[in-house]
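Everything below concerns the one structure shown next.
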Number of protein chains: 2
Amino acid sequence: MSRLDLSTHVVSLTAALCDLESVSGNEEVLADAVEEALGALPHLSVTRDGNTVIARTDLGRPERVVLAGHLDTVPLTTPPNLPTRREGDELVGRGTVDMKGGVAVQLRIAAAVAEPSRDVTFVFYDCEEVESERNGLARVGRNRPELLEADFAVLLEPTDGGIEGGCKGTIRVEVTARGKAAHSARPWNGVNAIHEAHAILGRLTAYEAQTVEVDGLDYHEALNAVGIRGGIAGNVIPDECVVVVNYRFAPSMTSAEAEEHLRELFEGYDVRVTDTADGARPGLQLPAAKAFVDALAVPVTAKEGWTDVARFSALGIPAVNFGPGDPNLAHHDDERVPVQQLVDAEAALLRWLA
Amino acid sequence: MSRLDLSTHVVSLTAALCDLESVSGNEEVLADAVEEALGALPHLSVTRDGNTVIARTDLGRPERVVLAGHLDTVPLTTPPNLPTRREGDELVGRGTVDMKGGVAVQLRIAAAVAEPSRDVTFVFYDCEEVESERNGLARVGRNRPELLEADFAVLLEPTDGGIEGGCKGTIRVEVTARGKAAHSARPWNGVNAIHEAHAILGRLTAYEAQTVEVDGLDYHEALNAVGIRGGIAGNVIPDECVVVVNYRFAPSMTSAEAEEHLRELFEGYDVRVTDTADGARPGLQLPAAKAFVDALAVPVTAKEGWTDVARFSALGIPAVNFGPGDPNLAHHDDERVPVQQLVDAEAALLRWLA
């Protein structure tokens with residue numbers, strides 16, 4: 001008997017998924033349970049790649065769509081915020097928001113809709129919450145891209161029940177002010193790099209971030225220091241101060257253009273790129289995306305945070321985020337989802353696929 | 001036979017002292033050698049306290065003076081900057097400047113002047129280059145203050161052969177800007193503490209440090225950031241940014257007054273004192289100090305860096321710095337002393353004490 005009963009109510013199924021703890025790197029038991037449950041369904045062909053499980057219908061429909069979600073969560077709290085518990089109209093515990101509610105909806109649709117209106121590829125992947133090299137969706141995209149081929153993709157990350165199109169890109173750079181070390185009792189023999197960094201922070205605080213419309217949605221750009229470090233010893237004028245800057249840019253810009261923008265903004269300082277990822281255009285003017293938006297009839301906004309929709313975008317597949325749970329509660333010790341959002345998300349996808 | 005021959009030339013003696021490596025905490029062999037060499041001199045009574053050696057004349061003179069120096073050095077380089085070597089007119093190697101040249105001069109005077117013009121207490125102490133709690137001079141001052149009683153003290157730290165009077169005080173504070181954490185894709189949900197710290201750096205860079213005359217000498221105050229830290233993760237708006245500030249103040253100000261000054265300057269921010277030390281007034285108007293200045297006839301300036309003269313000052317003993325070597329070369333990998341400064345320093349003290 002499978003450890004997961006896909007005929008149970010979506011709220012119970014969410015709780016069962018959460019209670020199979022699967023912090024990044026520890027997804028094997030949950031991936032086994034998902035593979036086992038889906039393998040029992042005759043209308044799906046199931047593939048396993050590491051701890052990623054992919055299940056596909058093959059009805060020869062003219063259109064194929066992806067429903068994707070990750071199996072892993074961020075670490076538990078101490079004491080652990082599991083097992084899940086019900087508090088009033090909410091289900092509380094690690095994973096309820098990010099994103100086993102979405103995974104439960106995927107599994108319910110996979111089990112309930114044997115003959116969907118378009119062919120569906122269900123993707124359940126590992127290691128989304130850790131460094132990009134370990135990401136299961138990226139791994140499958142590299143090794144077996146044919147498994148992901150589709151006209152449109154939905155990532156069931158939490159969106160509070162609305163549709164969030166595309167996502168902003170992100171780039172991190174280290175901006176370095178240099179000085180000359182000296183004894184702090186005789187600073188006139190040196191140049192204080194932290195004092196030099198005052199002008200870097202000045203450019204950041206004076207910066208007016210733009211709001212950019214892309215394919216009909218408004219993306220709010222953001223430029224922030226996310227780290228700063230400097231200092232050699234308590235009696236030494238420091239010779240270096242590093243400001244770590246994160247720029248979140250509209251998906252109409254490439255990360256190369258974002259880098260160029262930062263190099264201009266911080267002219268006169270060393271600028272070193274440490275991390276970069278393109279965004280994703282929402283593509284809502286494309287037929288497959290329009291059909292999805294029309295069927296769901298829920299609010300449509302821009303996705304502000306970077307998500308794995310950008311990986312689909314990079315494969316040429318337009319993608320949106322749609323899932324139960326408030327994204328602002330993701331990773332919180334006290335994450336919790338209104339049970340009605342689980343029910344509504346399942347019903348919305350049934351309107352589209354049944 | 002003693003490992004140290006105090007009748008040898010001051011340059012050879014400096015080299016011999018340096019070649020007995022004595023990085024802080026490892027002074028025992030050198031302290032043994034100093035104790036042994038001084039113990040052989042009938043005009044001195046010698047006391048040992050840990051790795052500190054104190055030798056005193058007791059001629060019933062109306063005035064008693066201290067000649068003090070520390071036995072330890074900062075760590076050696078890799079490969080080691082020992083043994084010492086002669087390069088032209090300079091002696092090169094760890095300790096030549098800070099401060100075994102001064103210790104050699106002390107030992108030469110101790111051996112050569114059996115009947116000094118005032119009673120002399122020679123202090124050779126350990127652990128000056130490490131945290132204050134381990135300082136040998138401070139330990140003797142706490143446990144056996146009667147051993148340090150005197151009318152005047154000379155600390156043989158490097159002063160390039162001039163007299164440097166008193167020293168500035170020093171206080172370190174942590175000035176903290178606070179914000180509210182948020183995802184860096186949605187910074188409008190938070191407040192960026194690093195951006196808030198822009199104003200702290202603004203107050204530092206706008207600050208006009210004073211030059212203050214005390215007992216006829218000019219002390220140049222200094223206010224500097226010596227450290228800065230902030231940041232939680234590359235995608236998080238930081239909720240805290242800490243600026244470590246070091247204020248070097250004229251000895252006419254107490255450290256309590258210095259703290260008050262910083263609290264006013266950084267009003268609106270958390271200010272936490274982490275470290276403080278009063279300075280030392282030069283006291284050059286006092287008779288014992290005037291006699292020293294007159295006898296030496298070398299330039300007299302203010303000491304900018306904090307030194308252990310402040311420990312004598314706290315005991316009510318006026319104190320000055322006078323020793324061979326350029327203080328800007330202290331702790332440098334390539335520290336080196338002109339041999340003429342060793343000879344001149346010995347001759348100057350002989351003019352005063354012989």
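The chains in the structure tokens are called A, B, ... from first to last as shown; in each chain the residues are counted from 1, and the ligands are counted from 1 in the order shown.
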Using only C-alpha atoms, determine which residues of chain B fall within 9 Å of chain A; present them as a PyMOL selection string.
chain B and resi 168+170+172+182-188+192-202+204-205+220-238+241+244-248+304-306+328
Quick one: residues within 12 Å of A:Lys290, only C-alpha atoms, excluding same-chain residues fewer than 2 positions away - as a PDB file with all heavy atoms, in the first residue's frame?
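Resulting contents of selection-v6.pdb:
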```
ATOM      1  N   ASP A 151       4.451  23.544 -24.116  1.00  0.00           N
ATOM      2  CA  ASP A 151       4.054  24.849 -24.659  1.00  0.00           C
ATOM      3  C   ASP A 151       3.926  25.898 -23.561  1.00  0.00           C
ATOM      4  O   ASP A 151       3.910  27.100 -23.845  1.00  0.00           O
ATOM      5  CB  ASP A 151       2.711  24.707 -25.382  1.00  0.00           C
ATOM      6  CG  ASP A 151       2.786  23.684 -26.511  1.00  0.00           C
ATOM      7  OD1 ASP A 151       3.410  24.007 -27.537  1.00  0.00           O
ATOM      8  OD2 ASP A 151       2.277  22.549 -26.321  1.00  0.00           O
ATOM      9  N   PHE A 152       3.849  25.422 -22.302  1.00  0.00           N
ATOM     10  CA  PHE A 152       3.544  26.335 -21.211  1.00  0.00           C
ATOM     11  C   PHE A 152       3.824  25.605 -19.906  1.00  0.00           C
ATOM     12  O   PHE A 152       3.676  24.378 -19.835  1.00  0.00           O
ATOM     13  CB  PHE A 152       2.060  26.737 -21.289  1.00  0.00           C
ATOM     14  CG  PHE A 152       1.596  27.692 -20.224  1.00  0.00           C
ATOM     15  CD1 PHE A 152       2.155  28.954 -20.104  1.00  0.00           C
ATOM     16  CD2 PHE A 152       0.568  27.324 -19.350  1.00  0.00           C
ATOM     17  CE1 PHE A 152       1.697  29.833 -19.125  1.00  0.00           C
ATOM     18  CE2 PHE A 152       0.118  28.210 -18.372  1.00  0.00           C
ATOM     19  CZ  PHE A 152       0.687  29.461 -18.268  1.00  0.00           C
ATOM     20  N   ILE A 163      -2.323  34.538 -10.036  1.00  0.00           N
ATOM     21  CA  ILE A 163      -1.307  34.170 -11.023  1.00  0.00           C
ATOM     22  C   ILE A 163      -0.225  35.241 -10.982  1.00  0.00           C
ATOM     23  O   ILE A 163      -0.535  36.438 -11.017  1.00  0.00           O
ATOM     24  CB  ILE A 163      -1.914  34.080 -12.440  1.00  0.00           C
ATOM     25  CG1 ILE A 163      -2.949  32.959 -12.510  1.00  0.00           C
ATOM     26  CG2 ILE A 163      -0.816  33.876 -13.488  1.00  0.00           C
ATOM     27  CD1 ILE A 163      -3.767  32.969 -13.797  1.00  0.00           C
ATOM     28  N   GLY A 165       3.059  36.370 -13.049  1.00  0.00           N
ATOM     29  CA  GLY A 165       3.688  36.096 -14.331  1.00  0.00           C
ATOM     30  C   GLY A 165       5.174  36.370 -14.326  1.00  0.00           C
ATOM     31  O   GLY A 165       5.636  37.368 -13.764  1.00  0.00           O
ATOM     32  N   PRO A 282       6.698  37.318 -18.692  1.00  0.00           N
ATOM     33  CA  PRO A 282       5.476  36.574 -18.372  1.00  0.00           C
ATOM     34  C   PRO A 282       4.873  35.865 -19.590  1.00  0.00           C
ATOM     35  O   PRO A 282       4.242  34.812 -19.448  1.00  0.00           O
ATOM     36  CB  PRO A 282       4.534  37.644 -17.825  1.00  0.00           C
ATOM     37  CG  PRO A 282       5.039  38.939 -18.365  1.00  0.00           C
ATOM     38  CD  PRO A 282       6.522  38.771 -18.500  1.00  0.00           C
ATOM     39  N   GLY A 283       5.052  36.412 -20.789  1.00  0.00           N
ATOM     40  CA  GLY A 283       4.556  35.742 -22.006  1.00  0.00           C
ATOM     41  C   GLY A 283       3.051  35.550 -22.038  1.00  0.00           C
ATOM     42  O   GLY A 283       2.547  34.603 -22.656  1.00  0.00           O
ATOM     43  N   LEU A 284       2.323  36.420 -21.369  1.00  0.00           N
ATOM     44  CA  LEU A 284       0.872  36.199 -21.242  1.00  0.00           C
ATOM     45  C   LEU A 284       0.116  36.441 -22.541  1.00  0.00           C
ATOM     46  O   LEU A 284      -1.070  36.133 -22.631  1.00  0.00           O
ATOM     47  CB  LEU A 284       0.296  37.082 -20.120  1.00  0.00           C
ATOM     48  CG  LEU A 284       0.829  36.770 -18.720  1.00  0.00           C
ATOM     49  CD1 LEU A 284       0.185  37.675 -17.680  1.00  0.00           C
ATOM     50  CD2 LEU A 284       0.572  35.306 -18.377  1.00  0.00           C
ATOM     51  N   GLN A 285       0.801  36.974 -23.544  1.00  0.00           N
ATOM     52  CA  GLN A 285       0.129  37.173 -24.827  1.00  0.00           C
ATOM     53  C   GLN A 285       0.122  35.885 -25.658  1.00  0.00           C
ATOM     54  O   GLN A 285      -0.586  35.806 -26.664  1.00  0.00           O
ATOM     55  CB  GLN A 285       0.798  38.327 -25.599  1.00  0.00           C
ATOM     56  CG  GLN A 285       2.142  37.994 -26.236  1.00  0.00           C
ATOM     57  CD  GLN A 285       3.293  37.900 -25.224  1.00  0.00           C
ATOM     58  OE1 GLN A 285       3.092  37.948 -24.007  1.00  0.00           O
ATOM     59  NE2 GLN A 285       4.506  37.704 -25.728  1.00  0.00           N
ATOM     60  N   LEU A 286       0.869  34.864 -25.207  1.00  0.00           N
ATOM     61  CA  LEU A 286       0.936  33.619 -25.983  1.00  0.00           C
ATOM     62  C   LEU A 286      -0.330  32.795 -25.749  1.00  0.00           C
ATOM     63  O   LEU A 286      -0.897  32.813 -24.651  1.00  0.00           O
ATOM     64  CB  LEU A 286       2.178  32.821 -25.570  1.00  0.00           C
ATOM     65  CG  LEU A 286       3.504  33.570 -25.792  1.00  0.00           C
ATOM     66  CD1 LEU A 286       4.668  32.809 -25.169  1.00  0.00           C
ATOM     67  CD2 LEU A 286       3.739  33.796 -27.285  1.00  0.00           C
ATOM     68  N   PRO A 287      -0.793  32.051 -26.769  1.00  0.00           N
ATOM     69  CA  PRO A 287      -2.093  31.369 -26.673  1.00  0.00           C
ATOM     70  C   PRO A 287      -2.219  30.438 -25.465  1.00  0.00           C
ATOM     71  O   PRO A 287      -3.246  30.472 -24.770  1.00  0.00           O
ATOM     72  CB  PRO A 287      -2.168  30.584 -27.989  1.00  0.00           C
ATOM     73  CG  PRO A 287      -1.270  31.323 -28.927  1.00  0.00           C
ATOM     74  CD  PRO A 287      -0.171  31.907 -28.097  1.00  0.00           C
ATOM     75  N   ALA A 288      -1.207  29.616 -25.181  1.00  0.00           N
ATOM     76  CA  ALA A 288      -1.317  28.662 -24.072  1.00  0.00           C
ATOM     77  C   ALA A 288      -1.463  29.396 -22.740  1.00  0.00           C
ATOM     78  O   ALA A 288      -2.225  28.970 -21.856  1.00  0.00           O
ATOM     79  CB  ALA A 288      -0.090  27.757 -24.039  1.00  0.00           C
ATOM     80  N   PHE A 292      -4.819  29.633 -20.054  1.00  0.00           N
ATOM     81  CA  PHE A 292      -4.688  29.371 -18.612  1.00  0.00           C
ATOM     82  C   PHE A 292      -5.299  30.521 -17.803  1.00  0.00           C
ATOM     83  O   PHE A 292      -6.108  30.305 -16.888  1.00  0.00           O
ATOM     84  CB  PHE A 292      -3.202  29.208 -18.277  1.00  0.00           C
ATOM     85  CG  PHE A 292      -2.900  29.068 -16.814  1.00  0.00           C
ATOM     86  CD1 PHE A 292      -3.131  27.872 -16.152  1.00  0.00           C
ATOM     87  CD2 PHE A 292      -2.365  30.133 -16.090  1.00  0.00           C
ATOM     88  CE1 PHE A 292      -2.846  27.738 -14.798  1.00  0.00           C
ATOM     89  CE2 PHE A 292      -2.070  30.003 -14.736  1.00  0.00           C
ATOM     90  CZ  PHE A 292      -2.314  28.798 -14.095  1.00  0.00           C
ATOM     91  N   VAL A 293      -4.941  31.739 -18.170  1.00  0.00           N
ATOM     92  CA  VAL A 293      -5.448  32.908 -17.446  1.00  0.00           C
ATOM     93  C   VAL A 293      -6.967  32.984 -17.552  1.00  0.00           C
ATOM     94  O   VAL A 293      -7.672  33.231 -16.563  1.00  0.00           O
ATOM     95  CB  VAL A 293      -4.793  34.202 -17.999  1.00  0.00           C
ATOM     96  CG1 VAL A 293      -5.489  35.446 -17.448  1.00  0.00           C
ATOM     97  CG2 VAL A 293      -3.309  34.208 -17.660  1.00  0.00           C
ATOM     98  N   ASP A 294      -7.510  32.715 -18.765  1.00  0.00           N
ATOM     99  CA  ASP A 294      -8.955  32.782 -18.954  1.00  0.00           C
ATOM    100  C   ASP A 294      -9.665  31.722 -18.124  1.00  0.00           C
ATOM    101  O   ASP A 294     -10.705  31.992 -17.514  1.00  0.00           O
ATOM    102  CB  ASP A 294      -9.295  32.595 -20.439  1.00  0.00           C
ATOM    103  CG  ASP A 294      -8.860  33.796 -21.271  1.00  0.00           C
ATOM    104  OD1 ASP A 294      -8.548  34.850 -20.661  1.00  0.00           O
ATOM    105  OD2 ASP A 294      -8.805  33.680 -22.507  1.00  0.00           O
ATOM    106  N   ALA A 295      -9.110  30.512 -18.091  1.00  0.00           N
ATOM    107  CA  ALA A 295      -9.775  29.419 -17.377  1.00  0.00           C
ATOM    108  C   ALA A 295      -9.789  29.665 -15.868  1.00  0.00           C
ATOM    109  O   ALA A 295     -10.787  29.393 -15.192  1.00  0.00           O
ATOM    110  CB  ALA A 295      -9.065  28.097 -17.674  1.00  0.00           C
ATOM    111  N   LEU A 296      -8.671  30.204 -15.345  1.00  0.00           N
ATOM    112  CA  LEU A 296      -8.599  30.358 -13.886  1.00  0.00           C
ATOM    113  C   LEU A 296      -9.402  31.554 -13.386  1.00  0.00           C
ATOM    114  O   LEU A 296     -10.008  31.497 -12.323  1.00  0.00           O
ATOM    115  CB  LEU A 296      -7.138  30.470 -13.431  1.00  0.00           C
ATOM    116  CG  LEU A 296      -6.532  29.123 -13.006  1.00  0.00           C
ATOM    117  CD1 LEU A 296      -6.450  28.159 -14.181  1.00  0.00           C
ATOM    118  CD2 LEU A 296      -5.197  29.314 -12.330  1.00  0.00           C
ATOM    119  N   ALA A 297      -9.381  32.652 -14.152  1.00  0.00           N
ATOM    120  CA  ALA A 297     -10.121  33.854 -13.769  1.00  0.00           C
ATOM    121  C   ALA A 297      -9.777  34.317 -12.349  1.00  0.00           C
ATOM    122  O   ALA A 297     -10.658  34.534 -11.513  1.00  0.00           O
ATOM    123  CB  ALA A 297     -11.633  33.630 -13.926  1.00  0.00           C
ATOM    124  N   VAL A 300      -4.062  38.609 -11.865  1.00  0.00           N
ATOM    125  CA  VAL A 300      -2.756  38.378 -12.505  1.00  0.00           C
ATOM    126  C   VAL A 300      -1.843  39.556 -12.187  1.00  0.00           C
ATOM    127  O   VAL A 300      -2.193  40.711 -12.453  1.00  0.00           O
ATOM    128  CB  VAL A 300      -2.896  38.245 -14.033  1.00  0.00           C
ATOM    129  CG1 VAL A 300      -1.530  37.943 -14.662  1.00  0.00           C
ATOM    130  CG2 VAL A 300      -3.908  37.174 -14.382  1.00  0.00           C
ATOM    131  N   PRO A 318       7.173  29.545 -21.961  1.00  0.00           N
ATOM    132  CA  PRO A 318       6.590  30.564 -21.090  1.00  0.00           C
ATOM    133  C   PRO A 318       6.078  29.916 -19.806  1.00  0.00           C
ATOM    134  O   PRO A 318       5.597  28.780 -19.832  1.00  0.00           O
ATOM    135  CB  PRO A 318       5.441  31.146 -21.915  1.00  0.00           C
ATOM    136  CG  PRO A 318       5.156  30.152 -22.984  1.00  0.00           C
ATOM    137  CD  PRO A 318       6.432  29.390 -23.221  1.00  0.00           C
ATOM    138  N   ALA A 319       6.205  30.620 -18.695  1.00  0.00           N
ATOM    139  CA  ALA A 319       5.868  30.000 -17.412  1.00  0.00           C
ATOM    140  C   ALA A 319       5.320  31.039 -16.445  1.00  0.00           C
ATOM    141  O   ALA A 319       5.721  32.208 -16.486  1.00  0.00           O
ATOM    142  CB  ALA A 319       7.109  29.341 -16.808  1.00  0.00           C
ATOM    143  N   VAL A 320       4.407  30.589 -15.612  1.00  0.00           N
ATOM    144  CA  VAL A 320       3.847  31.464 -14.573  1.00  0.00           C
ATOM    145  C   VAL A 320       3.901  30.737 -13.239  1.00  0.00           C
ATOM    146  O   VAL A 320       4.067  29.517 -13.176  1.00  0.00           O
ATOM    147  CB  VAL A 320       2.388  31.870 -14.875  1.00  0.00           C
ATOM    148  CG1 VAL A 320       2.296  32.637 -16.190  1.00  0.00           C
ATOM    149  CG2 VAL A 320       1.481  30.660 -14.873  1.00  0.00           C
ATOM    150  N   TRP A 352      -9.248  24.318 -15.674  1.00  0.00           N
ATOM    151  CA  TRP A 352      -8.385  24.442 -16.859  1.00  0.00           C
ATOM    152  C   TRP A 352      -8.166  23.087 -17.545  1.00  0.00           C
ATOM    153  O   TRP A 352      -8.160  22.981 -18.765  1.00  0.00           O
ATOM    154  CB  TRP A 352      -7.045  25.043 -16.401  1.00  0.00           C
ATOM    155  CG  TRP A 352      -5.981  25.238 -17.439  1.00  0.00           C
ATOM    156  CD1 TRP A 352      -6.123  25.752 -18.690  1.00  0.00           C
ATOM    157  CD2 TRP A 352      -4.598  24.908 -17.300  1.00  0.00           C
ATOM    158  NE1 TRP A 352      -4.923  25.795 -19.341  1.00  0.00           N
ATOM    159  CE2 TRP A 352      -3.954  25.279 -18.497  1.00  0.00           C
ATOM    160  CE3 TRP A 352      -3.834  24.368 -16.266  1.00  0.00           C
ATOM    161  CZ2 TRP A 352      -2.589  25.101 -18.705  1.00  0.00           C
ATOM    162  CZ3 TRP A 352      -2.477  24.209 -16.469  1.00  0.00           C
ATOM    163  CH2 TRP A 352      -1.857  24.568 -17.683  1.00  0.00           C
TER     164      TRP A 352
END
```
DSSP-assigned strand (DSSP E or B) members of stretch 226-349 of chain A, reported as a VMD selection string
chain A and resid 226 to 230 236 to 237 240 to 249 270 to 277 280 300 to 302 319 to 322 336 to 338
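With only C-alpha atoms taken into account, the protein and nucleic acid residues at most 7 Å from A:Phe122 (excluding it and anything under 4 positions from it in its own chain) are Ile54, Ala55, Arg56, Val66, Leu67 and Ala68 of chain A.
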List as a CSV table (one decimal) with N, CA and C atoms, in the first residue's frame the protein and nucleic acid residues near B:Ala280, meaning an atom at most 6 Å away when only C-alpha atoms are counted, but skip any in the same chain fewer than 3 places from it.
```csv
chain,number,residue,atom,x,y,z
B,166,GLY,N,53.5,61.9,27.2
B,166,GLY,CA,52.2,61.5,27.4
B,166,GLY,C,51.7,60.5,26.3
B,167,CYS,N,50.4,60.5,26.2
B,167,CYS,CA,49.8,59.8,25.0
B,167,CYS,C,48.3,60.1,25.0
B,251,PRO,N,44.8,63.9,26.0
B,251,PRO,CA,44.9,63.4,27.3
B,251,PRO,C,44.3,64.5,28.3
B,310,ALA,N,50.5,55.4,29.9
B,310,ALA,CA,49.2,55.7,30.5
B,310,ALA,C,49.1,54.9,31.8
B,313,SER,N,50.9,56.9,34.3
B,313,SER,CA,50.1,58.1,34.6
B,313,SER,C,48.9,57.7,35.6
```
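Comparing B:Pro42, B:Gly102, B:Gly136, B:Gly161 by their smallest distance to B:Val10, the closest is B:Gly102 (using only C-alpha atoms).
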Just the residues within 8 Å of A:Arg118, please, counting only C-alpha atoms, with nothing from its chain fewer than 3 positions along; format it as an MDAnalysis selection string.
chainID A and resid 61:65 353
Next, dump the selected residues to file, keeping only N, CA and C atoms, as a JSON list (two decimals), in the first residue's frame.
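Writing done, so here's result02.json:
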```json
[["chain", "number", "residue", "atom", "x", "y", "z"],
["A", 61, "ARG", "N", -2.52, 15.06, -27.37],
["A", 61, "ARG", "CA", -3.17, 16.37, -27.44],
["A", 61, "ARG", "C", -2.28, 17.35, -28.22],
["A", 62, "PRO", "N", -2.86, 18.37, -28.86],
["A", 62, "PRO", "CA", -2.04, 19.34, -29.62],
["A", 62, "PRO", "C", -1.17, 20.21, -28.71],
["A", 63, "GLU", "N", -1.47, 20.24, -27.42],
["A", 63, "GLU", "CA", -0.72, 21.11, -26.51],
["A", 63, "GLU", "C", -0.26, 20.30, -25.30],
["A", 64, "ARG", "N", 0.96, 20.61, -24.83],
["A", 64, "ARG", "CA", 1.45, 19.96, -23.60],
["A", 64, "ARG", "C", 1.84, 21.05, -22.60],
["A", 65, "VAL", "N", 1.43, 20.84, -21.34],
["A", 65, "VAL", "CA", 1.76, 21.80, -20.29],
["A", 65, "VAL", "C", 2.48, 21.09, -19.15],
["A", 353, "LEU", "N", -7.99, 22.05, -16.72],
["A", 353, "LEU", "CA", -7.52, 20.77, -17.28],
["A", 353, "LEU", "C", -8.58, 19.69, -17.42]]
```
Using only C-alpha atoms, determine which residues lie at most 7 Å from B:Thr159, disregarding the query and same-chain residues fewer than 4 positions distant; provide the list as a PDB file with all heavy atoms, in the first residue's frame.
```pdb
ATOM      1  N   ILE B 163      61.889  62.722  22.357  1.00  0.00           N
ATOM      2  CA  ILE B 163      61.044  62.481  23.524  1.00  0.00           C
ATOM      3  C   ILE B 163      59.605  62.686  23.085  1.00  0.00           C
ATOM      4  O   ILE B 163      59.284  63.700  22.450  1.00  0.00           O
ATOM      5  CB  ILE B 163      61.385  63.450  24.674  1.00  0.00           C
ATOM      6  CG1 ILE B 163      62.824  63.199  25.156  1.00  0.00           C
ATOM      7  CG2 ILE B 163      60.392  63.296  25.830  1.00  0.00           C
ATOM      8  CD1 ILE B 163      63.311  64.258  26.152  1.00  0.00           C
ATOM      9  N   GLU B 164      58.749  61.703  23.376  1.00  0.00           N
ATOM     10  CA  GLU B 164      57.322  61.849  23.081  1.00  0.00           C
ATOM     11  C   GLU B 164      56.567  61.827  24.399  1.00  0.00           C
ATOM     12  O   GLU B 164      56.583  60.837  25.126  1.00  0.00           O
ATOM     13  CB  GLU B 164      56.842  60.769  22.116  1.00  0.00           C
ATOM     14  CG  GLU B 164      57.510  60.937  20.743  1.00  0.00           C
ATOM     15  CD  GLU B 164      56.989  59.984  19.682  1.00  0.00           C
ATOM     16  OE1 GLU B 164      56.294  59.009  20.054  1.00  0.00           O
ATOM     17  OE2 GLU B 164      57.264  60.220  18.507  1.00  0.00           O
ATOM     18  N   ASN B 321      57.787  58.761  26.585  1.00  0.00           N
ATOM     19  CA  ASN B 321      58.341  57.733  25.708  1.00  0.00           C
ATOM     20  C   ASN B 321      59.654  58.251  25.146  1.00  0.00           C
ATOM     21  O   ASN B 321      59.740  59.394  24.685  1.00  0.00           O
ATOM     22  CB  ASN B 321      57.384  57.467  24.544  1.00  0.00           C
ATOM     23  CG  ASN B 321      55.971  57.146  24.993  1.00  0.00           C
ATOM     24  OD1 ASN B 321      55.642  56.009  25.264  1.00  0.00           O
ATOM     25  ND2 ASN B 321      55.111  58.172  25.093  1.00  0.00           N
ATOM     26  N   PHE B 322      60.664  57.410  25.187  1.00  0.00           N
ATOM     27  CA  PHE B 322      61.942  57.786  24.578  1.00  0.00           C
ATOM     28  C   PHE B 322      62.667  56.503  24.214  1.00  0.00           C
ATOM     29  O   PHE B 322      63.001  55.700  25.090  1.00  0.00           O
ATOM     30  CB  PHE B 322      62.818  58.602  25.539  1.00  0.00           C
ATOM     31  CG  PHE B 322      64.229  58.755  25.031  1.00  0.00           C
ATOM     32  CD1 PHE B 322      64.507  59.636  23.990  1.00  0.00           C
ATOM     33  CD2 PHE B 322      65.270  57.995  25.559  1.00  0.00           C
ATOM     34  CE1 PHE B 322      65.803  59.748  23.492  1.00  0.00           C
ATOM     35  CE2 PHE B 322      66.573  58.114  25.063  1.00  0.00           C
ATOM     36  CZ  PHE B 322      66.831  58.997  24.032  1.00  0.00           C
ATOM     37  N   GLY B 323      62.914  56.300  22.917  1.00  0.00           N
ATOM     38  CA  GLY B 323      63.627  55.087  22.545  1.00  0.00           C
ATOM     39  C   GLY B 323      64.072  55.104  21.100  1.00  0.00           C
ATOM     40  O   GLY B 323      63.592  55.897  20.288  1.00  0.00           O
ATOM     41  N   PRO B 324      65.004  54.199  20.762  1.00  0.00           N
ATOM     42  CA  PRO B 324      65.498  54.114  19.389  1.00  0.00           C
ATOM     43  C   PRO B 324      64.487  53.431  18.469  1.00  0.00           C
ATOM     44  O   PRO B 324      63.711  52.586  18.905  1.00  0.00           O
ATOM     45  CB  PRO B 324      66.762  53.256  19.534  1.00  0.00           C
ATOM     46  CG  PRO B 324      66.516  52.420  20.760  1.00  0.00           C
ATOM     47  CD  PRO B 324      65.671  53.252  21.680  1.00  0.00           C
ATOM     48  N   GLY B 325      64.499  53.816  17.193  1.00  0.00           N
ATOM     49  CA  GLY B 325      63.651  53.157  16.198  1.00  0.00           C
ATOM     50  C   GLY B 325      62.492  54.041  15.776  1.00  0.00           C
ATOM     51  O   GLY B 325      61.968  54.830  16.557  1.00  0.00           O
ATOM     52  N   ASP B 326      62.098  53.866  14.503  1.00  0.00           N
ATOM     53  CA  ASP B 326      60.982  54.618  13.933  1.00  0.00           C
ATOM     54  C   ASP B 326      59.681  53.906  14.292  1.00  0.00           C
ATOM     55  O   ASP B 326      59.460  52.764  13.882  1.00  0.00           O
ATOM     56  CB  ASP B 326      61.157  54.655  12.400  1.00  0.00           C
ATOM     57  CG  ASP B 326      60.008  55.358  11.695  1.00  0.00           C
ATOM     58  OD1 ASP B 326      59.003  55.698  12.351  1.00  0.00           O
ATOM     59  OD2 ASP B 326      60.121  55.535  10.460  1.00  0.00           O
ATOM     60  N   PRO B 327      58.794  54.554  15.069  1.00  0.00           N
ATOM     61  CA  PRO B 327      57.558  53.853  15.490  1.00  0.00           C
ATOM     62  C   PRO B 327      56.701  53.406  14.309  1.00  0.00           C
ATOM     63  O   PRO B 327      55.934  52.461  14.442  1.00  0.00           O
ATOM     64  CB  PRO B 327      56.831  54.890  16.354  1.00  0.00           C
ATOM     65  CG  PRO B 327      57.455  56.208  16.028  1.00  0.00           C
ATOM     66  CD  PRO B 327      58.860  55.921  15.588  1.00  0.00           C
TER      67      PRO B 327
END
```
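Among A:Ala138, A:Val212, A:Val11, A:Ala330, the residue with the shortest atom-to-atom distance to A:Asp89, counting only C-alpha atoms, is A:Val11.
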